[in-house]
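Coordinates from coords-v2.cif are shown below (mmCIF, C-alpha atoms).
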```
data_data
#
loop_
_atom_site.group_PDB
_atom_site.id
_atom_site.type_symbol
_atom_site.label_atom_id
_atom_site.label_comp_id
_atom_site.auth_asym_id
_atom_site.auth_seq_id
_atom_site.Cartn_x
_atom_site.Cartn_y
_atom_site.Cartn_z
ATOM 1 C CA MET A 1 -39.845 28.851 41.164
ATOM 2 C CA PRO A 2 -39.375 29.736 37.484
ATOM 3 C CA LEU A 3 -40.991 32.888 36.195
ATOM 4 C CA ALA A 4 -43.840 32.524 33.761
ATOM 5 C CA VAL A 5 -43.140 32.643 30.042
ATOM 6 C CA THR A 6 -43.922 36.009 28.427
ATOM 7 C CA THR A 7 -45.647 36.376 25.081
ATOM 8 C CA ARG A 8 -45.305 39.870 23.674
ATOM 9 C CA TYR A 9 -47.362 41.537 20.957
ATOM 10 C CA ASP A 10 -46.034 44.671 19.252
ATOM 11 C CA TYR A 11 -48.344 47.142 17.520
ATOM 12 C CA ILE A 12 -48.102 50.098 15.179
ATOM 13 C CA ASP A 13 -50.898 52.511 14.303
ATOM 14 C CA GLU A 14 -51.520 54.480 11.139
ATOM 15 C CA LYS A 15 -49.402 57.404 12.426
ATOM 16 C CA GLY A 16 -46.444 55.147 13.037
ATOM 17 C CA ASP A 17 -46.707 55.193 16.836
ATOM 18 C CA THR A 18 -45.854 51.887 18.486
ATOM 19 C CA SER A 19 -46.815 50.036 21.625
ATOM 20 C CA PHE A 20 -46.921 46.506 22.967
ATOM 21 C CA SER A 21 -48.764 44.217 25.339
ATOM 22 C CA LYS A 22 -47.764 41.092 27.218
ATOM 23 C CA ILE A 23 -49.607 37.935 28.170
ATOM 24 C CA ARG A 24 -47.915 35.449 30.454
ATOM 25 C CA VAL A 25 -48.263 31.693 30.194
ATOM 26 C CA PRO A 26 -46.930 28.793 32.287
ATOM 27 C CA ASN A 27 -43.703 26.889 31.730
ATOM 28 C CA GLY A 28 -43.825 23.266 30.674
ATOM 29 C CA PHE A 29 -44.762 23.407 27.004
ATOM 30 C CA SER A 30 -42.672 22.998 23.868
ATOM 31 C CA ILE A 31 -41.520 25.810 21.616
ATOM 32 C CA ALA A 32 -43.945 24.632 18.929
ATOM 33 C CA GLN A 33 -46.842 24.746 21.397
ATOM 34 C CA TYR A 34 -45.928 28.255 22.569
ATOM 35 C CA LEU A 35 -45.707 29.458 18.976
ATOM 36 C CA GLU A 36 -49.108 27.947 18.247
ATOM 37 C CA PHE A 37 -50.598 29.713 21.270
ATOM 38 C CA ALA A 38 -49.020 33.069 20.484
ATOM 39 C CA VAL A 39 -50.176 33.117 16.874
ATOM 40 C CA ALA A 40 -53.698 32.063 17.876
ATOM 41 C CA MET A 41 -53.813 34.775 20.534
ATOM 42 C CA ALA A 42 -52.499 37.319 18.048
ATOM 43 C CA GLN A 43 -55.340 36.423 15.708
ATOM 44 C CA LEU A 44 -57.883 36.972 18.492
ATOM 45 C CA ILE A 45 -56.329 40.345 19.288
ATOM 46 C CA ALA A 46 -56.116 41.374 15.635
ATOM 47 C CA THR A 47 -59.891 41.218 15.382
ATOM 48 C CA MET A 48 -60.247 43.666 18.299
ATOM 49 C CA VAL A 49 -57.748 46.358 17.439
ATOM 50 C CA LEU A 50 -57.375 48.913 14.686
ATOM 51 C CA THR A 51 -53.598 48.742 14.860
ATOM 52 C CA ARG A 52 -51.299 46.334 13.054
ATOM 53 C CA ILE A 53 -49.504 43.638 15.013
ATOM 54 C CA THR A 54 -45.918 43.916 13.819
ATOM 55 C CA SER A 55 -44.321 41.114 15.772
ATOM 56 C CA VAL A 56 -45.101 38.387 18.244
ATOM 57 C CA SER A 57 -42.320 37.073 20.428
ATOM 58 C CA ILE A 58 -41.991 34.683 23.322
ATOM 59 C CA THR A 59 -39.411 35.113 26.077
ATOM 60 C CA PHE A 60 -38.268 32.394 28.433
ATOM 61 C CA SER A 61 -36.332 33.274 31.568
ATOM 62 C CA ILE A 62 -33.492 30.766 31.874
ATOM 63 C CA SER A 63 -32.311 29.945 35.372
ATOM 64 C CA LEU A 64 -28.639 30.551 36.092
ATOM 65 C CA SER A 65 -28.768 28.721 39.410
ATOM 66 C CA GLY A 66 -26.268 25.936 39.833
ATOM 67 C CA LEU A 67 -23.649 27.605 37.660
ATOM 68 C CA THR A 68 -20.354 28.733 39.145
ATOM 69 C CA LEU A 69 -20.680 32.324 37.988
ATOM 70 C CA LYS A 70 -18.860 34.975 39.951
ATOM 71 C CA THR A 71 -20.935 36.457 42.728
ATOM 72 C CA VAL A 72 -18.871 39.564 43.460
ATOM 73 C CA VAL A 73 -18.584 42.239 40.813
ATOM 74 C CA GLY A 74 -15.052 43.338 39.878
ATOM 75 C CA ALA A 75 -14.070 46.719 41.292
ATOM 76 C CA VAL A 76 -13.192 48.008 37.808
ATOM 77 C CA ALA A 77 -16.236 46.562 36.056
ATOM 78 C CA ASP A 78 -17.931 49.045 33.763
ATOM 79 C CA ILE A 79 -20.663 48.299 31.279
ATOM 80 C CA ALA A 80 -19.303 51.024 28.968
ATOM 81 C CA GLN A 81 -16.124 48.995 28.514
ATOM 82 C CA LYS A 82 -16.872 46.205 26.074
ATOM 83 C CA GLY A 83 -15.230 43.396 24.212
ATOM 84 C CA TYR A 84 -16.160 43.774 20.534
ATOM 85 C CA PHE A 85 -16.217 40.549 18.534
ATOM 86 C CA SER A 86 -16.844 40.235 14.807
ATOM 87 C CA PHE A 87 -17.360 36.864 13.178
ATOM 88 C CA GLN A 88 -17.635 35.891 9.516
ATOM 89 C CA THR A 89 -20.584 33.607 8.868
ATOM 90 C CA THR A 90 -20.752 30.764 6.378
ATOM 91 C CA THR A 91 -22.327 33.152 3.865
ATOM 92 C CA ASN A 92 -20.022 35.730 2.339
ATOM 93 C CA GLY A 93 -20.858 39.282 3.336
ATOM 94 C CA PHE A 94 -22.813 38.332 6.429
ATOM 95 C CA PHE A 95 -21.100 39.046 9.718
ATOM 96 C CA LYS A 96 -22.194 38.628 13.288
ATOM 97 C CA ARG A 97 -20.926 41.424 15.503
ATOM 98 C CA PHE A 98 -21.632 41.969 19.152
ATOM 99 C CA ARG A 99 -20.156 43.548 22.268
ATOM 100 C CA ILE A 100 -19.732 41.964 25.666
ATOM 101 C CA PRO A 101 -20.206 44.536 28.459
ATOM 102 C CA THR A 102 -17.734 44.770 31.381
ATOM 103 C CA PHE A 103 -15.039 42.989 29.377
ATOM 104 C CA ASP A 104 -12.040 41.964 31.510
ATOM 105 C CA GLU A 105 -9.139 44.407 30.975
ATOM 106 C CA ASP A 106 -6.688 41.584 31.711
ATOM 107 C CA LYS A 107 -7.734 39.943 28.433
ATOM 108 C CA ILE A 108 -6.431 42.881 26.360
ATOM 109 C CA ASN A 109 -2.928 42.813 24.872
ATOM 110 C CA ALA A 110 -0.763 45.417 26.616
ATOM 111 C CA GLY A 111 -0.348 48.664 24.707
ATOM 112 C CA THR A 112 -3.174 47.852 22.271
ATOM 113 C CA ASP A 113 -6.945 47.592 22.045
ATOM 114 C CA ASP A 114 -6.706 44.013 20.802
ATOM 115 C CA VAL A 115 -8.331 41.207 22.729
ATOM 116 C CA ASN A 116 -5.812 38.489 23.549
ATOM 117 C CA THR A 117 -7.403 35.645 21.611
ATOM 118 C CA LEU A 118 -4.733 33.236 22.875
ATOM 119 C CA ASP A 119 -5.921 33.682 26.447
ATOM 120 C CA ALA A 120 -7.450 30.376 27.516
ATOM 121 C CA ASP A 121 -10.781 31.902 28.578
ATOM 122 C CA VAL A 122 -11.106 33.987 25.428
ATOM 123 C CA ALA A 123 -10.093 31.059 23.231
ATOM 124 C CA ALA A 124 -12.734 28.859 24.861
ATOM 125 C CA PHE A 125 -15.399 31.489 24.179
ATOM 126 C CA VAL A 126 -14.307 31.982 20.559
ATOM 127 C CA THR A 127 -14.259 28.225 19.969
ATOM 128 C CA ALA A 128 -17.803 27.967 21.330
ATOM 129 C CA MET A 129 -18.930 30.753 18.993
ATOM 130 C CA GLU A 130 -17.221 29.211 15.975
ATOM 131 C CA SER A 131 -17.901 25.529 16.585
ATOM 132 C CA GLY A 132 -20.880 25.520 18.910
ATOM 133 C CA ILE A 133 -21.498 23.823 22.224
ATOM 134 C CA ALA A 134 -22.455 20.180 22.502
ATOM 135 C CA VAL A 135 -25.798 19.701 24.232
ATOM 136 C CA THR A 136 -27.874 16.606 24.860
ATOM 137 C CA GLY A 137 -28.727 15.238 21.426
ATOM 138 C CA GLY A 138 -26.783 17.667 19.282
ATOM 139 C CA THR A 139 -24.589 20.722 18.996
ATOM 140 C CA VAL A 140 -25.995 24.233 19.102
ATOM 141 C CA GLN A 141 -24.002 26.460 16.755
ATOM 142 C CA PRO A 142 -24.338 30.249 17.147
ATOM 143 C CA CYS A 143 -25.455 32.112 14.050
ATOM 144 C CA ASP A 144 -26.502 35.563 12.869
ATOM 145 C CA GLU A 145 -30.079 36.842 12.838
ATOM 146 C CA ARG A 146 -30.670 35.124 9.489
ATOM 147 C CA GLN A 147 -29.375 31.791 10.757
ATOM 148 C CA HIS A 148 -26.086 31.853 8.867
ATOM 149 C CA ASN A 149 -23.704 29.824 10.991
ATOM 150 C CA ILE A 150 -20.778 31.654 12.536
ATOM 151 C CA GLN A 151 -17.544 30.438 10.989
ATOM 152 C CA SER A 152 -14.472 32.406 12.042
ATOM 153 C CA LEU A 153 -13.387 35.337 14.156
ATOM 154 C CA THR A 154 -12.403 38.396 12.124
ATOM 155 C CA ASP A 155 -11.912 41.027 14.806
ATOM 156 C CA ALA A 156 -11.762 41.226 18.605
ATOM 157 C CA ARG A 157 -10.946 44.426 20.414
ATOM 158 C CA GLU A 158 -11.776 46.591 23.365
ATOM 159 C CA VAL A 159 -14.283 49.359 22.686
ATOM 160 C CA PHE A 160 -15.991 51.962 24.827
ATOM 161 C CA ARG A 161 -19.546 53.173 24.639
ATOM 162 C CA ARG A 162 -21.433 55.936 26.390
ATOM 163 C CA HIS A 163 -23.462 55.294 29.489
ATOM 164 C CA ARG A 164 -27.119 55.785 28.676
ATOM 165 C CA MET B 165 -37.024 33.313 6.244
ATOM 166 C CA ALA B 166 -37.440 32.268 9.850
ATOM 167 C CA HIS B 167 -35.545 34.385 12.304
ATOM 168 C CA ALA B 168 -32.909 32.967 14.590
ATOM 169 C CA PHE B 169 -33.684 32.763 18.289
ATOM 170 C CA ALA B 170 -31.857 35.156 20.617
ATOM 171 C CA LEU B 171 -30.223 34.483 23.962
ATOM 172 C CA THR B 172 -29.954 37.785 25.815
ATOM 173 C CA TYR B 173 -27.482 38.145 28.665
ATOM 174 C CA THR B 174 -27.868 41.018 31.132
ATOM 175 C CA TYR B 175 -24.755 42.324 32.884
ATOM 176 C CA GLN B 176 -24.275 44.592 35.873
ATOM 177 C CA ASP B 177 -21.161 46.560 36.729
ATOM 178 C CA ASP B 178 -19.887 47.851 40.072
ATOM 179 C CA SER B 179 -21.931 51.041 39.672
ATOM 180 C CA GLY B 180 -25.118 49.040 39.383
ATOM 181 C CA ASP B 181 -25.497 49.957 35.708
ATOM 182 C CA THR B 182 -26.785 47.243 33.418
ATOM 183 C CA ALA B 183 -26.338 46.345 29.772
ATOM 184 C CA THR B 184 -27.282 43.455 27.534
ATOM 185 C CA ASN B 185 -26.005 41.570 24.544
ATOM 186 C CA ALA B 186 -27.485 38.777 22.488
ATOM 187 C CA ILE B 187 -26.162 35.607 20.915
ATOM 188 C CA HIS B 188 -28.304 34.180 18.144
ATOM 189 C CA VAL B 189 -28.920 30.468 17.742
ATOM 190 C CA PRO B 190 -30.779 28.384 15.128
ATOM 191 C CA ASN B 191 -34.485 27.761 15.592
ATOM 192 C CA ASN B 192 -34.419 23.978 15.227
ATOM 193 C CA PHE B 193 -33.477 23.000 18.769
ATOM 194 C CA SER B 194 -35.652 22.215 21.763
ATOM 195 C CA LEU B 195 -36.126 24.464 24.753
ATOM 196 C CA ALA B 196 -34.058 22.061 26.856
ATOM 197 C CA GLN B 197 -31.191 22.085 24.363
ATOM 198 C CA LEU B 198 -31.172 25.879 24.075
ATOM 199 C CA THR B 199 -31.300 26.181 27.857
ATOM 200 C CA GLU B 200 -28.288 23.886 28.099
ATOM 201 C CA PHE B 201 -26.435 25.943 25.493
ATOM 202 C CA GLY B 202 -27.306 29.263 27.104
ATOM 203 C CA ARG B 203 -26.125 28.152 30.526
ATOM 204 C CA SER B 204 -22.860 26.748 29.155
ATOM 205 C CA MET B 205 -22.235 29.957 27.248
ATOM 206 C CA ALA B 206 -22.893 31.932 30.450
ATOM 207 C CA ASP B 207 -20.060 30.019 32.089
ATOM 208 C CA LEU B 208 -17.706 30.886 29.235
ATOM 209 C CA ILE B 209 -18.687 34.555 29.202
ATOM 210 C CA ASP B 210 -18.381 34.839 32.953
ATOM 211 C CA ASN B 211 -14.675 34.017 32.586
ATOM 212 C CA ILE B 212 -14.009 37.017 30.362
ATOM 213 C CA VAL B 213 -16.021 39.757 32.059
ATOM 214 C CA GLU B 214 -15.556 41.778 35.236
ATOM 215 C CA GLY B 215 -19.260 42.332 35.798
ATOM 216 C CA LEU B 216 -21.997 40.000 36.948
ATOM 217 C CA ILE B 217 -24.275 38.092 34.603
ATOM 218 C CA MET B 218 -27.644 38.897 36.127
ATOM 219 C CA SER B 219 -30.088 37.102 33.900
ATOM 220 C CA LEU B 220 -30.492 35.121 30.719
ATOM 221 C CA ASP B 221 -33.548 35.210 28.470
ATOM 222 C CA LEU B 222 -34.359 33.218 25.369
ATOM 223 C CA THR B 223 -36.551 35.096 22.897
ATOM 224 C CA ILE B 224 -38.190 33.473 19.907
ATOM 225 C CA THR B 225 -40.216 35.145 17.208
ATOM 226 C CA ALA B 226 -43.443 33.800 15.754
ATOM 227 C CA ASP B 227 -44.346 33.848 12.075
ATOM 228 C CA ILE B 228 -47.458 36.050 11.881
ATOM 229 C CA SER B 229 -47.662 36.219 8.102
ATOM 230 C CA GLY B 230 -50.857 34.163 8.235
ATOM 231 C CA LEU B 231 -52.838 36.564 10.413
ATOM 232 C CA THR B 232 -56.007 37.890 8.837
ATOM 233 C CA GLY B 233 -57.370 41.410 9.283
ATOM 234 C CA ASN B 234 -54.031 42.557 10.614
ATOM 235 C CA SER B 235 -53.713 46.109 9.345
ATOM 236 C CA ALA B 236 -53.379 49.626 10.726
ATOM 237 C CA GLN B 237 -56.696 51.327 10.119
ATOM 238 C CA PRO B 238 -57.520 55.041 9.922
ATOM 239 C CA LEU B 239 -59.028 55.377 13.412
ATOM 240 C CA GLY B 240 -56.415 53.263 15.169
ATOM 241 C CA ASP B 241 -54.338 54.911 17.909
ATOM 242 C CA VAL B 242 -51.950 52.962 20.100
ATOM 243 C CA GLN B 243 -52.781 55.413 22.899
ATOM 244 C CA GLU B 244 -56.390 54.209 22.917
ATOM 245 C CA CYS B 245 -56.245 50.940 24.823
ATOM 246 C CA GLY B 246 -58.575 48.188 25.748
ATOM 247 C CA THR B 247 -57.703 47.501 29.372
ATOM 248 C CA PHE B 248 -58.687 44.066 30.602
ATOM 249 C CA GLN B 249 -58.279 43.211 34.243
ATOM 250 C CA PHE B 250 -58.326 39.557 35.193
ATOM 251 C CA VAL B 251 -58.005 37.780 38.506
ATOM 252 C CA THR B 252 -55.970 34.645 39.162
ATOM 253 C CA VAL B 253 -56.815 31.620 41.235
ATOM 254 C CA ASP B 254 -54.943 33.337 44.104
ATOM 255 C CA ASN B 255 -56.966 36.550 43.690
ATOM 256 C CA ARG B 256 -54.093 38.478 42.145
ATOM 257 C CA ASN B 257 -54.868 40.993 39.447
ATOM 258 C CA VAL B 258 -53.463 40.684 35.939
ATOM 259 C CA GLU B 259 -53.897 43.560 33.518
ATOM 260 C CA VAL B 260 -53.635 43.302 29.765
ATOM 261 C CA ASN B 261 -53.711 46.418 27.608
ATOM 262 C CA LEU B 262 -54.532 46.120 23.932
ATOM 263 C CA PRO B 263 -53.320 49.249 22.101
ATOM 264 C CA GLY B 264 -55.628 50.490 19.359
ATOM 265 C CA ILE B 265 -58.811 48.880 20.611
ATOM 266 C CA SER B 266 -61.677 49.361 18.197
ATOM 267 C CA GLU B 267 -64.064 52.090 19.338
ATOM 268 C CA GLY B 268 -66.858 49.971 17.951
ATOM 269 C CA LEU B 269 -66.347 47.530 20.819
ATOM 270 C CA VAL B 270 -67.054 50.162 23.489
ATOM 271 C CA LEU B 271 -70.608 50.417 24.843
ATOM 272 C CA ALA B 272 -72.273 53.693 23.904
ATOM 273 C CA GLY B 273 -72.287 56.287 26.676
ATOM 274 C CA SER B 274 -69.671 54.495 28.746
ATOM 275 C CA ASP B 275 -66.035 53.419 28.812
ATOM 276 C CA ASP B 276 -66.971 49.764 29.158
ATOM 277 C CA ILE B 277 -65.961 47.305 26.513
ATOM 278 C CA PHE B 278 -68.812 45.164 25.294
ATOM 279 C CA GLN B 279 -67.601 41.804 26.630
ATOM 280 C CA ALA B 280 -70.223 39.809 24.764
ATOM 281 C CA ALA B 281 -69.173 41.193 21.379
ATOM 282 C CA GLY B 282 -68.194 38.556 18.870
ATOM 283 C CA ALA B 283 -64.629 39.822 18.724
ATOM 284 C CA VAL B 284 -64.208 40.282 22.486
ATOM 285 C CA ALA B 285 -65.772 37.158 23.986
ATOM 286 C CA PRO B 286 -63.286 34.737 22.323
ATOM 287 C CA PHE B 287 -60.371 36.788 23.673
ATOM 288 C CA ILE B 288 -61.762 36.739 27.217
ATOM 289 C CA ALA B 289 -62.476 33.029 26.936
ATOM 290 C CA ALA B 290 -58.905 32.411 25.744
ATOM 291 C CA MET B 291 -57.526 34.399 28.683
ATOM 292 C CA GLU B 292 -59.718 32.533 31.174
ATOM 293 C CA ASN B 293 -59.619 29.025 29.748
ATOM 294 C CA GLY B 294 -56.574 28.976 27.510
ATOM 295 C CA ILE B 295 -56.035 28.066 23.888
ATOM 296 C CA VAL B 296 -55.921 24.498 22.673
ATOM 297 C CA VAL B 297 -52.615 23.711 20.997
ATOM 298 C CA THR B 298 -51.307 20.444 19.603
ATOM 299 C CA GLY B 299 -51.002 18.104 22.575
ATOM 300 C CA GLY B 300 -52.410 20.380 25.266
ATOM 301 C CA THR B 301 -53.963 23.653 26.334
ATOM 302 C CA ILE B 302 -51.987 26.749 27.253
ATOM 303 C CA ALA B 303 -53.817 28.962 29.725
ATOM 304 C CA PRO B 304 -52.576 32.496 30.498
ATOM 305 C CA CYS B 305 -51.344 33.203 34.028
ATOM 306 C CA ASP B 306 -49.591 35.861 36.086
ATOM 307 C CA VAL B 307 -45.831 36.168 36.492
ATOM 308 C CA ASN B 308 -45.933 33.560 39.275
ATOM 309 C CA GLU B 309 -47.750 31.108 37.023
ATOM 310 C CA ASP B 310 -51.041 31.457 38.904
ATOM 311 C CA ASP B 311 -53.829 30.611 36.512
ATOM 312 C CA ILE B 312 -56.180 33.363 35.331
ATOM 313 C CA THR B 313 -59.756 32.458 36.190
ATOM 314 C CA ASP B 314 -62.055 35.434 35.595
ATOM 315 C CA VAL B 315 -62.308 38.830 33.971
ATOM 316 C CA VAL B 316 -62.914 41.636 36.468
ATOM 317 C CA LEU B 317 -63.342 44.577 34.136
ATOM 318 C CA ALA B 318 -62.807 45.600 30.560
ATOM 319 C CA ARG B 319 -62.779 49.246 29.673
ATOM 320 C CA GLU B 320 -61.428 51.765 27.248
ATOM 321 C CA THR B 321 -58.461 53.720 28.616
ATOM 322 C CA PHE B 322 -56.131 56.312 27.168
ATOM 323 C CA ARG B 323 -52.378 56.588 27.507
ATOM 324 C CA SER B 324 -50.166 59.606 27.026
ATOM 325 C CA SER B 325 -48.710 59.761 23.552
ATOM 326 C CA GLY B 326 -45.355 60.726 24.985
ATOM 327 C CA LYS B 327 -45.165 63.663 22.597
ATOM 328 C CA ARG B 328 -45.440 67.239 23.889
ATOM 329 C CA ARG B 329 -47.695 69.338 21.675
#
```

As structure tokens - that is how I would like this structure written.
Amino acid sequence: MPLAVTTRYDYIDEKGDTSFSKIRVPNGFSIAQYLEFAVAMAQLIATMVLTRITSVSITFSISLSGLTLKTVVGAVADIAQKGYFSFQTTTNGFFKRFRIPTFDEDKINAGTDDVNTLDADVAAFVTAMESGIAVTGGTVQPCDERQHNIQSLTDAREVFRRHR
Amino acid sequence: MAHAFALTYTYQDDSGDTATNAIHVPNNFSLAQLTEFGRSMADLIDNIVEGLIMSLDLTITADISGLTGNSAQPLGDVQECGTFQFVTVDNRNVEVNLPGISEGLVLAGSDDIFQAAGAVAPFIAAMENGIVVTGGTIAPCDVNEDDITDVVLARETFRSSGKRR
């Protein structure tokens, strides 16, 4: 059974302290309908509180069932070891950078921190980021937060971060 | 400018530690299309990580620029909550906390929120009966999608500020 969809309302008070609340709603509606609900609910809440609603978001839990994802974690897997990827977007000066936790050490060029972008699995991922993935009725092209399409890989290397 | 939607992947390593990352996608696709994309991308990522992909969430952000009366006012404290407890059709409790509830909505001499107040009643009605949207009605539920049917209580509560004084 799919989990309910979560609408989240974030607040800030006059001192700058923040908090949030969640209201769950059923699956089965369109994105436009969920947005309409969330904004209407936010308006109802805004009349009851003395805080400012700073953002309203909606989170859908996507099922991973049916995929052939690995089911046994690698013995050397560590979330602090990441694959860092930087992409240039279609707008000059806007980059999309992110890190993939537990990056596979076998995909790193020996004696360097560089990700082997010629590796078939890495190349397939980079191509999907640069050119998108075809879905029913179109192609979804990854972008940055401002919706500038990702264009080309500029950097890919292994990085390490602290455990929190 | 409308924000891009975010697909958040959660990973787990062999110590049981978890981490996330997000891939942003344009906001002009349907839920089905973004689900298809997110699942395909999960397959590609799985081939280049040692850890397990534990979950995938799609998060979209609403434009709230049109809200009215949405401002932080002098007496507002996020620690002062309006706690609403509802019950679902299966008699499960669902609690919603509204940080910064207006003191003016609390009945004098008690912690009870005045449920018949003009600002409160529409909220309770929306939680119980849903909100009409284009082409349907979306009614709040619990995490298992059991429909909320009634309000059980509504009272003022206080949370720790998290700051030691």

Inset, instruction - Using only C-alpha atoms, determine which residues lie at most 8 Å from Asn293 (chain B), disregarding the query and same-chain residues fewer than 3 positions distant; provide the list as a ChimeraX atom specification. - result: /B:289-290,303-304,312-313

Using only C-alpha atoms, which residues of chain A come within 6 Å of chain B, and what is the closest atom pair for each, with the distance in Å to one decimal? Give it as CSV, sorted by chain and residue number.
```
residue,atom,partner,partner_atom,distance
A:Leu3,CA,B:Val307,CA,5.9
A:Ala4,CA,B:Val307,CA,5.0
A:Asp13,CA,B:Ala236,CA,5.2
A:Glu14,CA,B:Ala236,CA,5.2
A:Ser21,CA,B:Asn261,CA,5.9
A:Arg24,CA,B:Cys305,CA,5.4
A:Val25,CA,B:Pro304,CA,4.4
A:Pro26,CA,B:Glu309,CA,5.3
A:Gln33,CA,B:Val297,CA,5.9
A:Leu35,CA,B:Ala226,CA,5.9
A:Gln43,CA,B:Leu231,CA,5.9
A:Leu44,CA,B:Phe287,CA,5.8
A:Ala46,CA,B:Asn234,CA,5.6
A:Thr47,CA,B:Ala283,CA,6.0
A:Met48,CA,B:Ala283,CA,5.8
A:Val49,CA,B:Ile265,CA,4.2
A:Leu50,CA,B:Gly240,CA,4.5
A:Thr51,CA,B:Ala236,CA,4.2
A:Arg52,CA,B:Ser235,CA,4.4
A:Val56,CA,B:Ala226,CA,5.5
A:Ser57,CA,B:Thr225,CA,4.3
A:Ile58,CA,B:Ile224,CA,5.3
A:Thr59,CA,B:Thr223,CA,4.3
A:Phe60,CA,B:Leu222,CA,5.0
A:Ser61,CA,B:Asp221,CA,4.6
A:Ile62,CA,B:Leu220,CA,5.4
A:Val73,CA,B:Gly215,CA,5.1
A:Gly74,CA,B:Glu214,CA,4.9
A:Ala77,CA,B:Glu214,CA,4.9
A:Asp78,CA,B:Asp177,CA,5.0
A:Ile79,CA,B:Asp177,CA,5.7
A:Thr102,CA,B:Gly215,CA,5.3
A:Phe103,CA,B:Val213,CA,4.3
A:Asp104,CA,B:Val213,CA,4.6
A:Asp121,CA,B:Asn211,CA,6.0
A:Phe125,CA,B:Leu208,CA,5.6
A:Val135,CA,B:Gln197,CA,5.9
A:Pro142,CA,B:Val189,CA,4.6
A:Cys143,CA,B:Val189,CA,5.3
A:Asp144,CA,B:His188,CA,5.7
A:Glu145,CA,B:Ala168,CA,5.1
A:Arg146,CA,B:His167,CA,5.7
A:Gln147,CA,B:Ala168,CA,5.3
```

What are the centre and edge lengths in Å, to one decimal, of the axis-aligned box around all listed atoms of region 184-200 of chain B with 4 Å added on each side, as lines of an AutoDock Vina configuration file?
```
center_x = -31.1
center_y = 32.8
center_z = 21.6
size_x = 18.1
size_y = 29.4
size_z = 21.0
```

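Of the listed residues A:Thr6, A:Thr91, A:Gln141, A:Thr154, the one whose atoms come nearest to Thr117 (chain A) is A:Thr154, with distances taken using only C-alpha atoms.
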
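Taking CA of Leu153 (chain A) and CA of Ala75 (chain A) as the two end points, the separation is 29.4 Å.
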
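Closest to His163 (chain A) among A:Pro101, A:Thr7, A:Phe29, A:Gln88 is A:Pro101, based on only C-alpha atoms.
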
- Selection result for the PyMOL selection byres ((chain B and resi 275) around 9) on this file, as a PyMOL selection string: chain B and resi 270-274+276-277+318-321
